[in-house]
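Undergrad: So I've got this file, structure18.txt, and it contains compact mmCIF, C-alpha atoms:
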# COMPACT_ATOMS: atom_id res chain seq x y z
CA MET R 82 61.30 -149.21 72.09
CA SER R 83 57.97 -150.97 71.87
CA PRO R 84 57.92 -153.86 69.37
CA LYS R 85 56.29 -153.18 66.02
CA ASN R 86 52.66 -154.26 65.54
CA VAL R 87 52.07 -154.42 69.30
CA ILE R 88 49.15 -152.49 70.74
CA PHE R 89 49.08 -151.58 74.42
CA LYS R 90 45.57 -151.43 75.85
CA LYS R 91 43.97 -151.01 79.23
CA THR R 92 40.32 -150.63 80.28
CA CYS R 93 38.81 -149.18 83.45
CA LYS R 94 36.80 -151.38 85.83
CA ASP R 95 33.36 -150.16 84.79
CA LYS R 96 34.28 -150.71 81.09
CA SER R 97 33.30 -147.15 80.15
CA VAL R 98 36.74 -146.14 78.87
CA GLY R 99 39.70 -147.97 77.35
CA VAL R 100 43.12 -146.66 76.21
CA PHE R 101 44.89 -148.03 73.10
CA MET R 102 48.45 -146.99 72.20
CA GLY R 103 51.01 -148.21 69.66
CA LYS R 104 54.01 -147.50 71.90
CA ARG R 105 54.91 -146.45 75.43
CA ASP R 106 58.42 -145.08 74.82
CA PHE R 107 58.65 -141.58 73.37
CA VAL R 108 62.02 -140.30 72.19
CA ASP R 109 63.49 -136.96 73.27
CA ARG R 110 65.88 -135.82 70.51
CA VAL R 111 66.83 -132.68 72.51
CA ASP R 112 65.51 -130.35 69.78
CA SER R 113 62.19 -132.25 69.44
CA VAL R 114 60.19 -134.98 71.20
CA ASP R 115 57.91 -137.66 69.76
CA PRO R 116 54.25 -136.67 70.19
CA VAL R 117 52.01 -138.89 72.33
CA ASP R 118 49.19 -140.38 70.30
CA GLY R 119 46.57 -143.01 70.91
CA VAL R 120 42.87 -143.85 70.81
CA ILE R 121 40.16 -143.92 73.48
CA LEU R 122 37.40 -146.54 73.12
CA ILE R 123 34.16 -145.71 74.91
CA ASP R 124 31.05 -147.66 75.85
CA PRO R 125 28.11 -145.19 75.53
CA GLU R 126 25.84 -147.33 77.74
CA ALA R 127 28.42 -147.55 80.55
CA LEU R 128 29.09 -143.80 80.28
CA ALA R 129 25.47 -142.97 81.11
CA GLY R 130 25.79 -139.42 79.75
CA ARG R 131 29.21 -138.63 81.24
CA LYS R 132 32.01 -136.99 79.28
CA VAL R 133 35.44 -138.55 78.64
CA PHE R 134 38.76 -136.81 79.21
CA VAL R 135 42.38 -137.84 78.78
CA THR R 136 45.43 -136.29 80.50
CA LEU R 137 49.19 -136.41 80.04
CA SER R 138 51.10 -135.76 83.25
CA CYS R 139 54.71 -135.61 84.40
CA THR R 140 55.23 -136.06 88.13
CA PHE R 141 58.34 -135.82 90.27
CA ARG R 142 57.95 -138.09 93.26
CA TYR R 143 60.34 -137.95 96.21
CA GLY R 144 58.42 -139.93 98.80
CA ARG R 145 55.45 -142.23 99.24
CA ASP R 146 51.96 -140.94 98.46
CA ASP R 147 50.93 -141.38 102.09
CA MET R 148 53.85 -139.30 103.41
CA ASP R 149 53.01 -135.74 104.40
CA VAL R 150 55.15 -133.34 106.43
CA MET R 151 53.58 -130.07 107.64
CA GLY R 152 50.98 -130.32 104.90
CA ILE R 153 53.56 -130.73 102.12
CA ALA R 154 53.08 -133.80 99.94
CA PHE R 155 56.18 -135.59 98.67
CA ARG R 156 55.22 -135.23 95.02
CA ARG R 157 55.13 -132.40 92.53
CA GLU R 158 53.31 -132.20 89.24
CA LEU R 159 55.72 -130.81 86.66
CA TYR R 160 53.23 -130.86 83.79
CA LEU R 161 49.55 -131.60 83.24
CA SER R 162 47.55 -131.29 80.02
CA THR R 163 43.92 -132.36 79.58
CA ARG R 164 41.85 -133.02 76.44
CA GLN R 165 38.14 -133.71 76.11
CA VAL R 166 37.74 -136.79 73.94
CA TYR R 167 33.97 -137.38 74.11
CA PRO R 168 31.75 -135.75 73.07
CA PRO R 169 34.35 -134.81 70.43
CA LEU R 170 35.06 -131.10 69.98
CA GLN R 171 35.70 -131.61 66.27
CA ASP R 172 34.59 -134.07 63.60
CA ARG R 173 36.59 -137.26 64.11
CA ASP R 174 36.95 -137.99 60.41
CA LYS R 175 38.19 -134.49 59.54
CA GLY R 176 41.16 -134.58 61.92
CA VAL R 177 44.73 -135.49 60.99
CA HIS R 178 45.65 -138.90 62.41
CA THR R 179 48.91 -140.79 62.81
CA LYS R 180 49.27 -144.17 61.09
CA VAL R 181 48.64 -146.05 64.34
CA GLN R 182 45.56 -143.96 65.11
CA ALA R 183 44.15 -144.49 61.61
CA LYS R 184 44.54 -148.28 61.95
CA LEU R 185 43.00 -148.33 65.42
CA LEU R 186 40.06 -146.14 64.38
CA ARG R 187 39.29 -148.49 61.48
CA LYS R 188 39.55 -151.56 63.68
CA LEU R 189 37.71 -150.28 66.76
CA GLY R 190 34.83 -148.61 64.96
CA SER R 191 32.63 -145.60 65.59
CA ASN R 192 33.05 -145.54 69.40
CA ALA R 193 36.82 -144.90 69.14
CA TYR R 194 38.22 -141.37 69.38
CA PRO R 195 41.84 -140.19 68.88
CA PHE R 196 43.93 -138.11 71.29
CA PHE R 197 47.20 -136.28 70.71
CA PHE R 198 49.69 -134.50 73.01
CA GLU R 199 52.97 -132.72 72.40
CA PHE R 200 55.62 -132.58 75.12
CA PRO R 201 56.91 -129.14 76.06
CA ASP R 202 60.69 -128.92 75.56
CA ASN R 203 61.57 -128.39 79.23
CA LEU R 204 60.54 -131.72 80.78
CA PRO R 205 63.00 -134.30 82.15
CA CYS R 206 63.29 -137.88 80.93
CA SER R 207 61.99 -140.86 82.90
CA VAL R 208 64.41 -141.70 85.70
CA ALA R 209 64.18 -143.27 89.17
CA LEU R 210 66.40 -143.78 92.20
CA GLN R 211 66.73 -147.46 93.11
CA PRO R 212 65.15 -148.28 96.48
CA ALA R 213 66.77 -150.54 99.03
CA PRO R 214 65.59 -154.19 98.93
CA HIS R 215 63.26 -153.70 101.92
CA ASP R 216 61.94 -150.21 101.07
CA VAL R 217 58.15 -150.00 100.82
CA GLY R 218 56.13 -147.74 98.55
CA LYS R 219 56.86 -145.61 95.52
CA GLN R 220 60.47 -144.77 94.71
CA CYS R 221 61.90 -141.33 94.07
CA ALA R 222 61.26 -140.89 90.36
CA VAL R 223 60.24 -138.76 87.40
CA GLU R 224 57.18 -140.48 85.91
CA PHE R 225 54.90 -139.92 82.91
CA GLU R 226 51.32 -141.12 82.75
CA ILE R 227 48.35 -141.17 80.39
CA LYS R 228 45.06 -141.14 82.30
CA ALA R 229 41.59 -141.44 80.78
CA PHE R 230 38.43 -141.01 82.82
CA SER R 231 34.71 -140.40 82.53
CA ALA R 232 33.01 -137.71 84.59
CA GLU R 233 30.24 -135.11 84.44
CA SER R 234 32.90 -132.42 83.86
CA GLN R 235 36.68 -132.03 83.82
CA ASP R 236 36.71 -130.71 87.41
CA ALA R 237 34.16 -133.14 88.83
CA LYS R 238 35.15 -135.84 91.29
CA VAL R 239 36.50 -138.84 89.37
CA ARG R 240 35.61 -142.37 90.38
CA LYS R 241 38.40 -144.97 90.40
CA ARG R 242 36.13 -147.44 88.61
CA SER R 243 35.83 -144.96 85.73
CA THR R 244 39.56 -144.22 85.47
CA VAL R 245 42.31 -146.00 83.56
CA LYS R 246 46.03 -145.16 83.80
CA LEU R 247 48.89 -146.19 81.53
CA MET R 248 52.50 -145.43 82.37
CA ILE R 249 54.69 -144.19 79.51
CA ARG R 250 58.36 -143.20 79.26
CA LYS R 251 60.26 -140.26 77.82
CA VAL R 252 63.67 -141.57 76.73
CA GLN R 253 66.84 -140.30 75.07
CA TYR R 254 69.19 -142.10 72.69
CA ALA R 255 72.80 -141.42 71.83
CA PRO R 256 73.29 -138.54 69.37
CA ASP R 257 74.61 -139.25 65.88
CA MET R 258 77.81 -137.27 66.41
CA GLN R 259 80.48 -138.17 68.98
CA GLY R 260 82.34 -135.45 70.84
CA ALA R 261 86.12 -135.39 71.26
CA PRO R 262 87.56 -138.24 73.38
CA PRO R 263 87.94 -136.86 76.92
CA SER R 264 91.45 -136.46 78.29
CA VAL R 265 92.80 -135.15 81.60
CA GLU R 266 96.36 -134.73 82.79
CA THR R 267 98.09 -133.31 85.83
CA THR R 268 101.59 -132.67 87.15
CA LYS R 269 102.26 -133.09 90.86
CA ASP R 270 105.27 -131.58 92.65
CA PHE R 271 106.46 -132.98 95.94
CA VAL R 272 108.49 -131.44 98.74
CA MET R 273 112.01 -132.91 98.82
CA SER R 274 111.71 -134.09 95.21
CA ASP R 275 113.52 -132.29 92.40
CA LYS R 276 111.27 -133.66 89.67
CA PRO R 277 107.47 -134.04 89.42
CA LEU R 278 104.99 -136.84 88.81
CA HIS R 279 103.08 -136.53 85.53
CA VAL R 280 99.84 -138.43 84.91
CA LYS R 281 97.59 -138.47 81.86
CA VAL R 282 94.28 -140.33 81.58
CA HIS R 283 92.15 -140.51 78.44
CA LEU R 284 89.25 -142.54 77.06
CA ASP R 285 89.01 -143.76 73.48
CA LYS R 286 85.66 -141.95 72.98
CA GLU R 287 83.23 -139.62 74.71
CA LEU R 288 80.07 -141.73 74.57
CA TYR R 289 79.58 -145.39 75.48
CA TYR R 290 76.52 -147.62 75.17
CA HIS R 291 75.06 -149.50 78.12
CA GLY R 292 76.90 -152.82 78.40
CA GLU R 293 79.96 -151.58 76.50
CA THR R 294 83.45 -151.87 78.01
CA ILE R 295 85.15 -148.56 78.78
CA GLN R 296 88.86 -148.55 77.99
CA VAL R 297 90.79 -146.23 80.30
CA HIS R 298 94.27 -145.32 79.07
CA VAL R 299 96.61 -144.40 81.93
CA ASN R 300 100.08 -142.94 81.27
CA ILE R 301 102.34 -142.27 84.24
CA ALA R 302 105.80 -140.71 84.15
CA ASN R 303 107.03 -140.84 87.74
CA HIS R 304 110.09 -138.60 87.68
CA SER R 305 109.74 -137.93 91.40
CA ASN R 306 111.41 -139.78 94.24
CA LYS R 307 108.04 -141.07 95.49
CA ASN R 308 106.71 -144.58 94.99
CA ILE R 309 103.19 -145.15 93.71
CA LYS R 310 101.89 -148.00 95.84
CA ASN R 311 98.56 -148.63 94.10
CA ILE R 312 96.25 -147.46 91.31
CA VAL R 313 92.49 -147.57 91.94
CA LEU R 314 89.96 -146.91 89.18
CA SER R 315 86.23 -146.40 89.54
CA VAL R 316 83.21 -145.38 87.48
CA ASP R 317 81.02 -142.94 89.41
CA GLN R 318 77.41 -142.07 88.72
CA VAL R 319 76.47 -138.56 89.82
CA ALA R 320 72.71 -138.05 90.27
CA THR R 321 71.75 -134.46 91.10
CA VAL R 322 68.21 -133.89 92.36
CA VAL R 323 67.84 -130.35 91.03
CA LEU R 324 64.13 -129.80 91.63
CA TYR R 325 63.90 -129.29 95.38
CA SER R 326 67.34 -129.44 96.95
CA ASN R 327 70.15 -129.64 94.37
CA ASP R 328 71.59 -132.57 96.32
CA SER R 329 74.10 -134.75 94.49
CA TYR R 330 74.41 -138.47 95.08
CA VAL R 331 77.73 -139.97 93.97
CA LYS R 332 77.62 -143.75 93.62
CA CYS R 333 80.48 -145.97 92.50
CA VAL R 334 79.01 -148.38 89.93
CA ASP R 335 82.27 -150.17 89.02
CA ILE R 336 85.69 -150.35 90.66
CA GLU R 337 89.08 -151.91 90.02
CA ASP R 338 91.73 -152.04 92.74
CA SER R 339 94.56 -152.86 90.35
CA GLY R 340 97.42 -153.38 92.81
CA ASP R 341 99.75 -151.85 90.20
CA SER R 342 102.75 -149.92 91.51
CA VAL R 343 105.17 -147.49 89.88
CA SER R 344 108.50 -146.99 91.59
CA ALA R 345 110.40 -143.70 91.69
CA GLY R 346 111.86 -142.84 88.27
CA ALA R 347 109.72 -145.44 86.43
CA THR R 348 106.88 -145.14 83.91
CA LEU R 349 103.65 -147.01 83.24
CA GLN R 350 101.41 -147.19 80.21
CA LYS R 351 98.37 -149.41 80.65
CA VAL R 352 94.78 -149.76 79.43
CA TYR R 353 92.26 -150.67 82.14
CA LYS R 354 88.81 -152.02 81.30
CA MET R 355 85.72 -150.89 83.22
CA LEU R 356 82.15 -152.13 82.82
CA PRO R 357 79.39 -150.35 84.80
CA LEU R 358 76.28 -152.57 84.96
CA LEU R 359 73.09 -152.55 87.00
CA ALA R 360 73.50 -156.33 87.42
CA ASN R 361 76.39 -155.64 89.82
CA ASN R 362 74.52 -152.94 91.76
CA ARG R 363 70.98 -154.24 92.25
CA GLU R 364 71.07 -154.14 96.06
CA ARG R 365 72.38 -150.58 96.32
CA ARG R 366 69.96 -147.86 97.37
CA GLY R 367 69.98 -144.52 95.56
CA ILE R 368 71.50 -145.50 92.23
CA ALA R 369 69.73 -143.72 89.35
CA LEU R 370 67.98 -145.99 86.84
CA ASP R 371 66.24 -145.37 83.55
CA GLY R 372 62.52 -145.24 84.25
CA LYS R 373 60.89 -148.63 83.82
CA LEU R 374 57.44 -149.89 83.01
CA LYS R 375 55.72 -152.55 85.10
CA HIS R 376 57.22 -156.06 84.84
CA GLU R 377 60.08 -154.78 82.64
CA ASP R 378 63.75 -154.69 83.54
CA THR R 379 65.83 -151.54 83.26
CA ASN R 380 69.46 -150.38 83.47
CA LEU R 381 71.63 -147.68 84.96
CA ALA R 382 70.23 -144.26 84.12
CA SER R 383 71.42 -142.75 80.87
CA SER R 384 73.38 -139.50 80.90
CA SER R 385 71.13 -136.44 80.83
CA VAL R 386 71.36 -134.36 77.66
CA VAL R 387 69.63 -131.00 78.02
CA LYS R 388 68.63 -128.50 75.36
CA GLU R 389 70.77 -125.38 75.47
CA GLY R 390 69.04 -122.67 77.47
CA ALA R 391 66.63 -125.08 79.22
CA LEU R 392 65.96 -124.49 82.91
CA LYS R 393 67.81 -127.27 84.73
CA GLU R 394 65.81 -126.52 87.89
CA VAL R 395 62.77 -128.33 86.45
CA MET R 396 64.70 -131.34 85.18
CA GLY R 397 64.00 -133.39 88.31
CA ILE R 398 67.07 -135.64 88.37
CA MET R 399 70.18 -134.94 86.27
CA VAL R 400 72.58 -137.85 85.70
CA SER R 401 76.24 -137.78 84.66
CA TYR R 402 79.20 -140.19 84.74
CA ARG R 403 82.93 -139.98 85.30
CA VAL R 404 85.94 -142.26 85.50
CA MET R 405 88.03 -141.65 88.62
CA VAL R 406 91.71 -142.64 88.71
CA LYS R 407 93.43 -142.47 92.12
CA LEU R 408 97.15 -142.97 92.65
CA ILE R 409 98.14 -143.92 96.18
CA ILE R 410 101.53 -142.31 96.90
CA GLY R 411 103.80 -143.70 99.60
CA GLY R 412 105.93 -141.44 101.79
CA MET R 413 107.75 -141.03 105.09
CA MET R 414 104.80 -139.18 106.64
CA GLY R 415 102.18 -141.62 105.37
CA SER R 416 100.24 -142.09 102.14
CA SER R 417 98.72 -139.37 99.96
CA GLU R 418 96.57 -139.42 96.82
CA VAL R 419 96.64 -137.95 93.35
CA GLY R 420 93.25 -138.11 91.64
CA LEU R 421 91.95 -137.41 88.15
CA GLU R 422 88.37 -137.49 86.94
CA VAL R 423 87.35 -137.95 83.31
CA PRO R 424 83.72 -137.27 82.31
CA PHE R 425 81.91 -139.39 79.73
CA LYS R 426 78.37 -140.17 78.57
CA LEU R 427 76.51 -143.47 78.97
CA MET R 428 73.43 -143.93 76.75
CA HIS R 429 71.45 -146.31 74.57
CA PRO R 430 72.09 -146.45 70.82
CA LYS R 431 69.19 -145.58 68.56
CA PRO R 432 67.16 -148.74 67.79
CA ASP R 433 67.82 -148.42 64.04
CA ALA R 434 71.56 -148.21 64.76
CA VAL R 435 71.35 -151.47 66.74
CA SER R 436 69.48 -153.28 63.96
CA TRP R 437 71.95 -151.97 61.37
CA ARG R 438 74.90 -153.19 63.43
CA THR R 439 73.23 -156.58 63.92
CA ARG R 440 72.59 -156.99 60.19
CA TRP R 441 76.12 -155.89 59.35
CA CYS R 442 77.66 -158.33 61.85
CA SER R 443 75.52 -161.22 60.57
CA ARG R 444 76.54 -160.48 56.99
CA SER R 445 80.19 -160.35 58.04
CA SER R 446 79.87 -163.68 59.85
CA SER R 447 78.23 -165.29 56.81
CA ALA R 448 80.95 -163.98 54.54
CA ALA R 449 83.63 -165.34 56.88
CA THR R 450 82.10 -168.82 56.85
Here is a file; write its structure as structure tokens.
TA:
Amino acid sequence: MSPKNVIFKKTCKDKSVGVFMGKRDFVDRVDSVDPVDGVILIDPEALAGRKVFVTLSCTFRYGRDDMDVMGIAFRRELYLSTRQVYPPLQDRDKGVHTKVQAKLLRKLGSNAYPFFFEFPDNLPCSVALQPAPHDVGKQCAVEFEIKAFSAESQDAKVRKRSTVKLMIRKVQYAPDMQGAPPSVETTKDFVMSDKPLHVKVHLDKELYYHGETIQVHVNIANHSNKNIKNIVLSVDQVATVVLYSNDSYVKCVDIEDSGDSVSAGATLQKVYKMLPLLANNRERRGIALDGKLKHEDTNLASSSVVKEGALKEVMGIMVSYRVMVKLIIGGMMGSSEVGLEVPFKLMHPKPDAVSWRTRWCSRSSSAAT
């Protein structure tokens, strides 16, 4: 989230229009989304009689702007809403303003005008696919943008010198309630073996925060006459581009080749620790990332949480995670595999939850000393 008491501002080249906003991250709570609010500052002399408009747009980009195949551009506008800011369509002082708008209007004076947008409930969150180190141009991404411009009319040709753009993000945080800890088990029968192999894998919770270690509990009862030669664990990110192709990209973002073996008739109970981080995957093309603003770092994309009944086809890129556990089974005819996959969610905690945990930990540390 944007720091408190920080104002983000940007002005177009001809100085006719400037955008002022109190934050650039807007939270999607599944059942509601933070409204987008800000203030436009105009210079009447630089405007020279032109009007001022502001737009909120959501764009799904799956190629560079200069790419065009058979007349089809590699971008699609998912949402566009436009407001006329100047001349104002209603009395500025009679409108209802947010706290940030009220402060900005007092500070900036009579040439400042508020704007306000509400997100529809069917838009995706900001997400991008990581380009390769040598890729050039815009990455495949869902992007949100506030654009203010001056022109003779809304449909008139807009000059770049009279246009200012500010990227914003639509983000989701972990819900207050955790679901049941995920658990998967399977029983495998083998030819020439009287008894089966039983495997159970469970996690200690359904939802993990970015940077938090995932504890994978593996229980194996190998009643068969087969030897388990190795156990390999991985965390997979599944990014499904649902808008134009429904392609799924499965990327391993953490792996552990344990080397553990379980002989015939033996058992194993062990907790493995996995830690999926962008820091270990920065060179890998196609990994989904949370949308980022210029000059800011980001992280692996958070799990997508969609409102019940929402059309997934317009969600752009859907992201999910799973832990994969593979048992490599030895045999006379060669090796075989037994695999289990356990789904989980990876998200950010709410900012107030982080500050509460920080204060609680500091108090605990002080008490201990």
Undergrad: Within 10 Å of (40.7, -149.6, 81.5) in the file's own coordinates, which protein, DNA or RNA residues have an atom, counting only C-alpha atoms? List them as number ranges by chain.
TA: R: 90-101, 121-122, 228-230, 242-247
Undergrad: Using only C-alpha atoms for the distances, tell me which of R:Val208, R:Cys139, R:Val223, R:Ile88 is nearest to Lys188 (chain R).
TA: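 When distances to Lys188 (chain R) are compared using only C-alpha atoms, the smallest one comes from R:Ile88.
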Undergrad: Looking at all atoms listed in the file, which of R:Ser315, R:Ser305, R:Asn300, R:Ser113 is the one that sits closest to Asn203 (chain R)?
TA: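 Among the listed residues, R:Ser113 lies closest to Asn203 (chain R).
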Undergrad: Could you tell me how far CA of Leu381 (chain R) sits from CA of Gln318 (chain R), in Å to one decimal place?
TA: 8.9 Å
Undergrad: For the atom pair CA of Tyr289 (chain R) and CA of Asn311 (chain R), what is the interatomic distance in Å to one decimal place?
TA: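 Answer for the CA of Tyr289 (chain R) to CA of Asn311 (chain R) separation: 26.8 Å.
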Undergrad: Please determine, counting only C-alpha atoms, which residue among R:Lys351, R:Lys251, R:Lys180, R:Arg110 has the shortest atom-to-atom distance to Leu137 (chain R).
TA: R:Lys251
Undergrad: Pick out the closest residue to Ala345 (chain R) from this set: R:Arg365, R:Lys175, R:Lys310, R:Arg403. Count all atoms listed in the file.
TA: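 Ranked by minimum distance to Ala345 (chain R), first place goes to R:Lys310.
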Undergrad: Quick one: residues within 8 Å of region 256-269 of chain R, only C-alpha atoms, excluding same-chain residues fewer than 4 positions away - as JSON, numbers by chain?
TA: {"R": [110, 277, 278, 279, 280, 281, 282, 283, 284, 285, 286, 287, 288, 419, 421, 422, 423, 424, 425]}
Undergrad: CA of Gln253 (chain R) to CA of Glu337 (chain R): how many Å, to one decimal?
TA: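 Calculated distance between CA of Gln253 (chain R) and CA of Glu337 (chain R) is 29.2 Å.
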Undergrad: Set the distance at 9 Å and use all atoms listed in the file: which residues neighbour Leu349 (chain R) once local chain neighbours fewer than 2 positions away are removed? I'd like the list as a tab-separated table (two decimals) with C-alpha atoms, in the frame of the given file.
TA:
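Output (around-v6.tsv):
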chain	number	residue	atom	x	y	z
R	299	VAL	CA	96.61	-144.40	81.93
R	300	ASN	CA	100.08	-142.94	81.27
R	301	ILE	CA	102.34	-142.27	84.24
R	302	ALA	CA	105.80	-140.71	84.15
R	303	ASN	CA	107.03	-140.84	87.74
R	342	SER	CA	102.75	-149.92	91.51
R	343	VAL	CA	105.17	-147.49	89.88
R	347	ALA	CA	109.72	-145.44	86.43
R	351	LYS	CA	98.37	-149.41	80.65
Undergrad: For a cutoff of 8 Å around the file-coordinate point (95.1, -148.7, 91.9), which residues qualify once you count all atoms listed in the file? I'd like the result as a tab-separated table (two decimals) with C-alpha atoms, in the frame of the given file.
TA:
chain	number	residue	atom	x	y	z
R	310	LYS	CA	101.89	-148.00	95.84
R	311	ASN	CA	98.56	-148.63	94.10
R	312	ILE	CA	96.25	-147.46	91.31
R	313	VAL	CA	92.49	-147.57	91.94
R	314	LEU	CA	89.96	-146.91	89.18
R	337	GLU	CA	89.08	-151.91	90.02
R	338	ASP	CA	91.73	-152.04	92.74
R	339	SER	CA	94.56	-152.86	90.35
R	340	GLY	CA	97.42	-153.38	92.81
R	341	ASP	CA	99.75	-151.85	90.20
R	342	SER	CA	102.75	-149.92	91.51
R	406	VAL	CA	91.71	-142.64	88.71
R	407	LYS	CA	93.43	-142.47	92.12
R	408	LEU	CA	97.15	-142.97	92.65
R	409	ILE	CA	98.14	-143.92	96.18
Undergrad: Rank nothing, just name the residue among R:Gln171, R:Asn306, R:Gln165, R:Ser207 nearest to Val108 (chain R), using all atoms listed in the file.
TA: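 Between R:Gln171, R:Asn306, R:Gln165, R:Ser207, the residue approaching Val108 (chain R) most closely is R:Ser207.
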Undergrad: Give me, as a tab-separated table, each residue of region 189-263 of chain R that comes within 8 Å of region 125-136 of chain R, together with its shortest interatomic pair and the distance in Å at one decimal, counting all atoms listed in the file, with rows ordered by chain and rising residue number.
TA:
residue	atom	partner	partner_atom	distance
R:Asn192	CA	R:Pro125	CA	7.9
R:Phe196	CA	R:Val135	CA	7.7
R:Glu226	CA	R:Thr136	CA	7.9
R:Ile227	CA	R:Thr136	CA	5.7
R:Lys228	CA	R:Thr136	CA	5.2
R:Ala229	CA	R:Val135	CA	4.2
R:Phe230	CA	R:Phe134	CA	5.5
R:Ser231	CA	R:Val133	CA	4.4
R:Ala232	CA	R:Arg131	CA	5.1
R:Glu233	CA	R:Arg131	CA	4.9
R:Ser234	CA	R:Lys132	CA	6.5
R:Gln235	CA	R:Phe134	CA	7.0
Undergrad: Under the rule that all atoms listed in the file are counted, which of R:Gly411, R:Pro430, R:Gly190, R:Pro212 is the nearest residue to Ala369 (chain R)?
TA: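 With all atoms listed in the file as the atom set, the closest residue is R:Pro212.
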Undergrad: Once 6 Å is added on each side, what are the centre and the three edge lengths, in Å to one decimal, of the axis-aligned box enclosing the listed atoms of region 105-114 of chain R? Present them as AutoDock Vina command-line options.
TA:
--center_x 60.9 --center_y -138.4 --center_z 72.4 --size_x 23.9 --size_y 28.1 --size_z 18.0
Undergrad: Near Val114 (chain R), counting all atoms listed in the file, which residues have an atom at most 10 Å away, once you skip same-chain residues fewer than 5 positions from it, shown as a PDB file with C-alpha atoms, in the frame of the given file?
TA:
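Output file result.pdb is given in full below:
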ATOM      1  CA  PHE R 107      58.650-141.580  73.370  1.00  0.00           C
ATOM      2  CA  VAL R 108      62.020-140.300  72.190  1.00  0.00           C
ATOM      3  CA  ASP R 109      63.490-136.960  73.270  1.00  0.00           C
ATOM      4  CA  GLU R 199      52.970-132.720  72.400  1.00  0.00           C
ATOM      5  CA  PHE R 200      55.620-132.580  75.120  1.00  0.00           C
ATOM      6  CA  PRO R 201      56.910-129.140  76.060  1.00  0.00           C
ATOM      7  CA  ASP R 202      60.690-128.920  75.560  1.00  0.00           C
ATOM      8  CA  LYS R 251      60.260-140.260  77.820  1.00  0.00           C
ATOM      9  CA  VAL R 252      63.670-141.570  76.730  1.00  0.00           C
ATOM     10  CA  GLN R 253      66.840-140.300  75.070  1.00  0.00           C
TER      11      GLN R 253
END
